[in-house]
>>> print(open('entry-v3.txt').read())   # compact mmCIF, C-alpha atoms
# COMPACT_ATOMS: atom_id res chain seq x y z
CA MET A 13 17.56 -9.44 16.30
CA THR A 14 15.63 -12.14 18.15
CA LEU A 15 14.05 -15.25 16.68
CA LEU A 16 10.60 -13.78 17.35
CA ILE A 17 11.35 -10.74 15.19
CA VAL A 18 12.63 -12.96 12.36
CA ILE A 19 9.47 -15.09 12.56
CA MET A 20 7.24 -12.02 12.47
CA MET A 21 9.14 -10.54 9.51
CA PHE A 22 8.81 -13.80 7.59
CA ALA A 23 5.12 -14.13 8.49
CA ALA A 24 4.51 -10.52 7.41
CA TYR A 25 6.14 -11.19 4.05
CA LEU A 26 4.07 -14.33 3.48
CA LEU A 27 0.83 -12.57 4.41
CA GLY A 28 1.75 -9.66 2.15
CA SER A 29 2.38 -12.13 -0.67
CA VAL A 30 -1.29 -13.13 -0.79
CA SER A 31 -2.55 -11.08 -3.73
CA SER A 32 -6.12 -10.15 -2.89
CA ALA A 33 -6.47 -8.37 -6.24
CA VAL A 34 -5.79 -11.56 -8.19
CA LEU A 35 -7.99 -13.71 -5.93
CA VAL A 36 -10.92 -11.26 -5.91
CA CYS A 37 -10.73 -10.89 -9.68
CA GLN A 38 -10.84 -14.66 -10.06
CA LEU A 39 -13.86 -14.79 -7.74
CA PHE A 40 -15.73 -12.12 -9.71
CA ARG A 41 -14.47 -13.37 -13.10
CA ILE A 42 -12.67 -10.11 -13.79
CA PRO A 43 -9.55 -10.06 -16.01
CA ASP A 44 -6.30 -10.63 -14.16
CA PRO A 45 -5.18 -7.15 -12.98
CA ARG A 46 -1.53 -8.08 -13.50
CA PHE A 47 -2.10 -8.25 -17.25
CA HIS A 48 -4.98 -5.84 -17.84
CA GLY A 49 -5.60 -2.17 -17.21
CA SER A 50 -2.56 -0.63 -15.55
CA GLY A 51 -1.02 -4.04 -14.90
CA ASN A 52 -0.97 -3.18 -11.20
CA PRO A 53 -2.73 -5.68 -8.88
CA GLY A 54 -4.22 -3.09 -6.57
CA ALA A 55 -7.59 -1.65 -5.62
CA THR A 56 -7.48 1.26 -8.10
CA ASN A 57 -6.90 -1.00 -11.08
CA VAL A 58 -9.57 -3.45 -9.87
CA LEU A 59 -11.98 -0.51 -9.56
CA ARG A 60 -11.43 0.30 -13.22
CA LEU A 61 -11.65 -3.32 -14.34
CA GLY A 62 -14.49 -4.62 -12.18
CA GLY A 63 -16.25 -1.88 -10.23
CA LYS A 64 -16.66 -0.79 -6.64
CA LEU A 65 -17.42 -4.01 -4.72
CA PRO A 66 -14.35 -5.97 -5.88
CA ALA A 67 -12.18 -2.89 -5.36
CA VAL A 68 -13.43 -2.40 -1.80
CA LEU A 69 -12.73 -6.06 -0.98
CA VAL A 70 -9.21 -5.75 -2.36
CA LEU A 71 -8.63 -2.53 -0.43
CA LEU A 72 -9.81 -4.01 2.88
CA PHE A 73 -7.70 -7.14 2.58
CA ASP A 74 -4.61 -5.20 1.47
CA ILE A 75 -5.00 -2.93 4.51
CA LEU A 76 -5.29 -5.95 6.81
CA LYS A 77 -2.09 -7.41 5.37
CA GLY A 78 -0.26 -4.49 6.93
CA THR A 79 -2.30 -4.13 10.10
CA ILE A 80 -2.30 -7.75 11.30
CA PRO A 81 1.48 -8.39 11.50
CA VAL A 82 2.30 -4.93 12.87
CA TRP A 83 -0.46 -4.94 15.46
CA GLY A 84 0.44 -8.49 16.46
CA SER A 85 4.09 -7.51 16.82
CA TYR A 86 3.13 -4.47 18.90
CA PHE A 87 1.29 -6.68 21.39
CA LEU A 88 4.34 -8.96 21.48
CA LYS A 89 6.25 -5.85 22.70
CA ILE A 90 8.58 -5.69 19.71
CA GLU A 91 10.46 -2.37 19.58
CA PRO A 92 9.27 0.39 17.21
CA VAL A 93 12.22 0.20 14.81
CA TRP A 94 11.55 -3.50 14.30
CA LEU A 95 7.85 -2.79 13.83
CA GLY A 96 8.97 -0.68 10.88
CA ALA A 97 11.00 -3.59 9.51
CA ILE A 98 8.00 -5.93 9.89
CA ALA A 99 5.79 -3.40 8.11
CA ILE A 100 8.31 -3.19 5.27
CA CYS A 101 8.30 -7.00 4.99
CA ALA A 102 4.51 -6.98 4.59
CA CYS A 103 4.83 -4.33 1.87
CA LEU A 104 7.63 -6.23 0.14
CA GLY A 105 5.37 -9.27 0.12
CA HIS A 106 2.71 -7.21 -1.64
CA ILE A 107 5.24 -5.78 -4.10
CA TYR A 108 7.07 -9.08 -4.73
CA PRO A 109 4.57 -11.84 -3.83
CA VAL A 110 6.20 -15.26 -3.68
CA PHE A 111 2.85 -16.94 -4.45
CA PHE A 112 2.18 -14.88 -7.60
CA GLY A 113 5.40 -14.83 -9.56
CA PHE A 114 6.84 -11.86 -7.66
CA LYS A 115 4.61 -9.50 -9.68
CA GLY A 116 2.78 -7.30 -7.20
CA GLY A 117 1.35 -3.86 -6.59
CA LYS A 118 2.44 -0.55 -5.13
CA ALA A 119 1.66 -1.48 -1.48
CA VAL A 120 -0.01 1.83 -0.63
CA ALA A 121 -2.97 0.18 1.13
CA THR A 122 -0.68 -2.29 2.91
CA ALA A 123 1.54 0.54 4.14
CA PHE A 124 -1.56 2.40 5.32
CA GLY A 125 -2.67 -0.70 7.20
CA ALA A 126 0.75 -0.96 8.82
CA MET A 127 0.43 2.63 10.07
CA MET A 128 -3.09 2.21 11.44
CA PRO A 129 -2.02 0.72 14.81
CA ILE A 130 -0.28 4.05 15.56
CA GLY A 131 -3.70 5.61 15.98
CA LEU A 132 -7.02 6.46 14.37
CA ASP A 133 -6.02 10.12 14.28
CA LEU A 134 -3.11 9.29 11.98
CA ALA A 135 -5.35 7.07 9.86
CA GLY A 136 -7.90 9.87 9.59
CA LEU A 137 -5.28 12.39 8.48
CA LEU A 138 -3.93 10.00 5.84
CA ILE A 139 -7.39 9.20 4.47
CA ALA A 140 -8.41 12.87 4.40
CA SER A 141 -5.19 13.83 2.62
CA TRP A 142 -5.58 11.14 -0.03
CA VAL A 143 -9.26 11.88 -0.68
CA LEU A 144 -8.64 15.63 -0.90
CA LEU A 145 -5.71 15.20 -3.28
CA VAL A 146 -7.62 12.81 -5.54
CA ALA A 147 -10.59 15.19 -5.60
CA ILE A 148 -8.31 18.08 -6.57
CA SER A 149 -6.02 16.33 -9.05
CA GLY A 150 -7.82 13.15 -10.13
CA TYR A 151 -4.53 11.24 -9.86
CA SER A 152 -4.47 8.28 -7.48
CA SER A 153 -0.70 7.96 -7.77
CA LEU A 154 -0.05 11.64 -7.01
CA ALA A 155 -2.38 11.50 -4.01
CA ALA A 156 -0.59 8.40 -2.74
CA ILE A 157 2.89 9.90 -3.19
CA ILE A 158 2.06 13.15 -1.39
CA THR A 159 0.10 11.42 1.38
CA VAL A 160 2.93 8.97 2.03
CA ALA A 161 5.41 11.83 2.07
CA LEU A 162 3.29 13.59 4.69
CA ALA A 163 2.92 10.46 6.84
CA PRO A 164 6.19 10.91 8.82
CA VAL A 165 5.24 14.53 9.53
CA PHE A 166 1.79 13.52 10.80
CA THR A 167 3.38 10.76 12.88
CA TRP A 168 5.87 13.18 14.44
CA TRP A 169 2.96 15.35 15.56
CA ILE A 170 0.95 12.43 16.94
CA LYS A 171 3.43 9.81 18.22
CA PRO A 172 7.06 10.85 17.60
CA LEU A 173 8.33 7.44 18.73
CA TYR A 174 7.12 5.92 15.45
CA THR A 175 8.44 8.59 13.08
CA VAL A 176 11.47 6.56 11.92
CA PRO A 177 9.50 3.37 11.15
CA VAL A 178 6.93 5.40 9.20
CA LEU A 179 9.71 7.22 7.34
CA MET A 180 11.13 3.82 6.34
CA LEU A 181 7.76 2.86 4.89
CA SER A 182 7.36 6.19 3.13
CA ILE A 183 10.71 5.87 1.34
CA LEU A 184 9.79 2.38 0.12
CA ILE A 185 6.39 3.43 -1.24
CA ILE A 186 7.69 6.57 -2.93
CA ALA A 187 10.50 4.56 -4.56
CA ARG A 188 7.89 2.09 -5.80
CA HIS A 189 6.09 4.99 -7.53
CA ARG A 190 9.14 6.20 -9.46
CA GLN A 191 7.57 5.36 -12.85
CA ASN A 192 4.39 7.20 -11.86
CA ILE A 193 6.49 10.24 -10.93
CA VAL A 194 8.05 10.21 -14.39
CA ARG A 195 4.63 9.92 -16.08
CA LEU A 196 3.22 12.72 -13.93
CA TYR A 197 6.12 14.93 -14.94
CA GLN A 198 5.57 14.07 -18.61
CA GLY A 199 1.81 14.60 -18.35
CA LYS A 200 1.13 10.98 -19.34
CA GLU A 201 -0.39 9.68 -16.10
CA SER A 202 -4.03 8.58 -16.27
CA LYS A 203 -6.66 9.74 -13.80
CA VAL A 204 -8.73 7.50 -11.53
CA TRP A 205 -11.86 7.70 -13.67
CA ASP A 206 -10.08 7.44 -17.03
CA LYS A 207 -11.28 4.29 -18.78
CA SER A 208 -11.12 5.56 -22.33
CA LYS A 209 -7.44 4.84 -22.91
CA ARG A 210 -4.76 2.49 -21.64
CA ILE A 211 -4.73 2.83 -17.87
CA ARG A 212 -1.69 3.18 -15.69
CA GLU A 213 -1.85 3.53 -11.95
>>> encode(input="entry-v3.txt", output="structure tokens")
Amino acid sequence: MTLLIVIMMFAAYLLGSVSSAVLVCQLFRIPDPRFHGSGNPGATNVLRLGGKLPAVLVLLFDILKGTIPVWGSYFLKIEPVWLGAIAICACLGHIYPVFFGFKGGKAVATAFGAMMPIGLDLAGLLIASWVLLVAISGYSSLAAIITVALAPVFTWWIKPLYTVPVLMLSILIIARHRQNIVRLYQGKESKVWDKSKRIRE
């Protein structure tokens, strides 16, 4: 491992640690998403708490947190397996943000952003899968879990060289959703548009 890779991994973690959900909610005077709604500082919870515009801003910034370090590392000619490690560092920053008490989100958008440099065709497949699954089931978490599970398969079809890094990301995101998996199995998971009861993402 070279010094450049270490620097990029550290930078990715720090960028990932910037919680856009908390900052956007402060800007729009929305309750702190870490302590309201699902308790998850992500775009879905912000959508429920504050509406579409704040949620879109959170989503865009969370995507960029994954795209910027991975794309930058790609242009620095860092090898694919280390691109995966850098992507994981960005996601770990989102999940355990050093600037926000290590209480973060699920890192789905950040992982998506990290995969975007592989190609727009992969991004399109991931978006289409998530949208279709949400439309069918109404569960954001289920859509995220299945889409992330499909990501290595899509990558193998499109650019096999990046299958292992994407698989590394997929395992991390699915593990982060373990509580959602339990609630889905128990029939206790809330749907995207459910505002009438306590919300969990």
>>> closest_residue(input="entry-v3.txt", among="A:Ala119, A:Leu134, A:Val18, A:Val143", to="Ile185 (chain A)", atoms="all atoms listed in the file")
A:Ala119
>>> atom_distance(input="entry-v3.txt", atom1="CA of Val93 (chain A)", atom2="CA of Ala126 (chain A)")
13.0 Å
>>> closest_residue(input="entry-v3.txt", among="A:Leu184, A:Ile80, A:Leu162, A:Ala33", to="Ile100 (chain A)", atoms="all atoms listed in the file")
A:Leu184
>>> axis_aligned_box(input="entry-v3.txt", around="region 36-43 of chain A", padding_each_side="6 Å", output="AutoDock Vina command-line options")
--center_x -12.6 --center_y -12.4 --center_z -11.0 --size_x 18.2 --size_y 16.7 --size_z 22.1
>>> closest_residue(input="entry-v3.txt", among="A:Gly199, A:Gly84, A:Gly136, A:Gly116", to="Leu154 (chain A)", atoms="all atoms listed in the file")
A:Gly199
>>> closest_residue(input="entry-v3.txt", among="A:Ile17, A:Gln198, A:Val36, A:Leu26", to="Lys64 (chain A)", atoms="all atoms listed in the file")
A:Val36
>>> closest_residue(input="entry-v3.txt", among="A:Ile130, A:Ala155, A:Val204, A:Val146", to="Tyr174 (chain A)", atoms="all atoms listed in the file")
A:Ile130
>>> residues_around(input="entry-v3.txt", residues="Ala102 (chain A)", least_positions_apart="2", cutoff="7 Å", atoms="only C-alpha atoms", output="number ranges by chain")
A: 24-25, 27-28, 77-78, 98-100, 104-106
>>> closest_residue(input="entry-v3.txt", among="A:Pro53, A:Pro66, A:Pro172, A:Pro109", to="Ser29 (chain A)", atoms="all atoms listed in the file")
A:Pro109
>>> atom_distance(input="entry-v3.txt", atom1="CA of Met128 (chain A)", atom2="CA of Trp83 (chain A)")
8.6 Å
>>> atom_distance(input="entry-v3.txt", atom1="CA of Met21 (chain A)", atom2="CA of Phe114 (chain A)")
17.4 Å
>>> residues_around(input="entry-v3.txt", residues="Leu16 (chain A)", least_positions_apart="2", cutoff="12 Å", atoms="all atoms listed in the file", output="PyMOL selection string")
chain A and resi 13-14+18-23+84-85+88-91+94-95+98
